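Report on the following structure.
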Amino acid sequence: MSEHDNHNDPLEQFFQKKAEEYDISFREKDWLDLEKKLDHQQAVRSYQRRLRWVAAASILIVSVLGYFTYQNYQQIDLLNKQLDENIASGILPDSTSEISPATPDQQPDTDEKEPTGINENLAENFEETEPDYDRNEAIAQVVTDSIQINDDISTLSDNRAEGGMIASALISTTSASVSSTNDPPATAIRSVSAFQESGISASHWNNYPENITDPNLLSRIDLGLIISPDLSSVGGISALHDPGYKIGLMAGYMLNSNLSLSTGIIHSKVRYSSGSQGYRPPANWSYYNQPDGIAAECFILDIPVNLKYDFHQFNKSRLFATAGLSTYIMLSEDYRFEYDYSTPGQTESLNEKSGKAHLLSNAGFSVGYELDIHQSWNLRVEPFIKLPLQEVGWGNVKLYSVGSFISINYKL
Amino acid sequence: MLHNIIKGCRKQRRESQKELYEMFYAYGMSITLRYADSRDQAAAILNDAFMKVFSHIKKFDTNREFKPWFRKIVINTSINQYHKNKKHNELTEALSDEYNIMSEEKIISGISYDELIEMVQKLSPAYRTVFNLFVIEGFKHEEISQMLEISVGTSKSNLSKAKRNLRTMLEENLTK
């Protein structure tokens with residue numbers, strides 16, 4: 001055994017023995033210093049916990065809104081079917097067969113005055129007819145049904161397309177029924193008035209493009225090209241680094257007129273910097289060579305799955321909100337390490353191409369504006385924030401990103 | 001008792017954290033003092049170590065002894081501090097070489113713990129760290145070379161120089 005490995009050296013034995021004889025008094029000041037650090041750590045954790053709750057609550061709200069919108073859509077669909085069945089079974093006369101072949105006796109006097117509204121049309125028809133109490137009863141039944149359906153429409157008035165179809169059908173049906181009976185019962189007028197009072201005027205529905213009012217003509221799929229600057233940081237959104245970018249393709253599927261599901265693939269260049277507290281190198285990384293700072297430039301594939309909810313509709317545009325989860329695939333990670341006291345031999349940089357996927361690692365939220373520029377094309381501007389749900393990359397960082405997507409979308 | 005304190009620390013109860021701190025303060029300081037230049041620096045290293053202890057306390061296997069786990073964290077934190085101060089350390093290296101061997105081994109155990117710590121703290125960080133790791137913690141030169149990212153030869157050389165300097169200091173202490 002060499003001198004260096006000789007633990008029987010009296011000097012070593014002396015120091016080993018003495019090292020055990022410690023008697024060090026406790027200093028309250030040292031504990032207070034530590035307590036400050038613990039308080040700071042607790043504050044950071046509580047902030048992150050709040051962020052997670054906000055993310056979860058937002059996802060829940062969008063999901064619940066989506067669910068109820070979908071339920072409405074289903075109800076309206078059911079009403080449409082019932083209406084069709086009624087027409088088919090003859091309870092409600094088909095408007096096209098009743099109105100068009102009007103007899104000369106029933107034809108309104110177009111020379112005198114062009115009818116401008118449903119009430120006028122009905123009133124003219126009523127004035128030209130004689131009372132027939134059997135028919136009045138039949139009309140009363142039809143109109144009662146209409147009032148019932150009108151009530152349903154009132155409650156579902158935000159579903160413009162389907163509501164419009166029903167409204168048109170009801171206008172036609174009511175007019176046709178009344179014209180066929182040649183009778184002016186007061187209930188019929190009330191029915192039409194009730195319909196108009198419900199706030200769903202025929203002209204209102206006519207403002208929407210045809211492809212929206214007829215769901216059969218609506219494609220439920222759209223494709224989009226999106227681009228955005230990317231401002232990222234770790235540990236919070238306060239220390240944003242130089243911008244990177246996001247560019248990608250998205251595909252959306254309309255679940256109903258207000259809600260859609262989208263996914264896609266976004267190539268992201270992410271830049272961030274952090275102090276030693278913001279990252280956690282893998283276990284096999286030399287613990288004894290931890291840098292004091294890190295500057296990163298990473299290429300990431302972002303695969304989001306988002307729910308989009310249109311919460312306010314204008315004539316040719318709309319406001320929307322999205323919430324979703326993203327899976328990050330790390331394509332390439334470049335790190336530059338910074339040391340307070342750098343010395344030769346310390347690792348200065350690292351390049352990783354792990355291709356590691358971090359499943360549902362971030363939650364994304366956005367609010368945006370969508371403008372129809374053509375029957376099939378629209379533009380969106382969509383500021384977003386992505387919050388970490390788990391750590392990603394070589395440094396196990398909690399990556400926060402903000403930016404604003406600009407996208408052009410095409411309805412298939 | 002320790003089991004309950006650890007349980008409290010896992011729930012991030014401040015009073016449990018303080019109890020653990022008070023319980024292992026002296027032991028932790030006895031390690032960090034040997035690696036640090038001063039008591040304040042030793043306390044700062046110890047606090048860094050405790051931050052790691054509290055952050056990772058959920059990973060601690062309660063079927064095992066706490067003290068060795070704690071000791072490992074404190075030593076690692078001390079070595080980490082050595083790396084952080086490496087550049088600064090190199091500047092003070094030359095000063096420590098002033099101590100030359102003056103006599104054969106003549107060790108007297110009448111020296112106090114505080115004096116011993118004072119002597120160790122007078123060593124350059126590079127010598128001191130190797131000396132502590134080899135003599136007190138019982139690591140081998142191969143392990144030390146990996147920890148400090150130096151060659152085995154440098155580790156042996158630093159140990160030799162550390163011992164030589166300590167002997168010199170002991171000589172000086174005896175002649176006072």
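Starting from 1 in every chain, residues are counted up; chains themselves are A, B, ... following the order of the structure tokens, and ligands are numbered from 1 as listed.
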
Worksheet entry | Distance-based interface of chain B with chain A, 9 Å, counting only C-alpha atoms, as number ranges by chain | B: 14, 18, 21-22, 25-27, 29-31, 34, 40, 43-44, 47-48, 50-51, 54, 76-77, 79-88, 105-109, 111-114, 116-117, 134-138, 140-141, 146-149, 156-157, 159-160, 163, 166-167

Item to complete: List the neighbours of Lys316 of chain A out to 12 Å using only C-alpha atoms; skip same-chain residues closer than 2 positions along the sequence, and give me the result as a VMD selection string.
Response: chain A and resid 207 to 209 212 312 to 314 318 to 319 369 to 379

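The space between atom CA of Val367 of chain A and atom CA of Ser317 of chain A spans 13.8 Å.
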
Discussion item. Can you measure atom CA of Tyr410 of chain A to atom CA of Phe365 of chain A for me? One decimal in Å is fine.
Written reply: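 Computing it gives 22.2 Å between the two atoms.
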
Worksheet item: Distance atom CA of Gly368 of chain A-atom CA of Leu387 of chain A, one decimal place?
Response: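 Straight-line distance from atom CA of Gly368 of chain A to atom CA of Leu387 of chain A works out to 17.7 Å.
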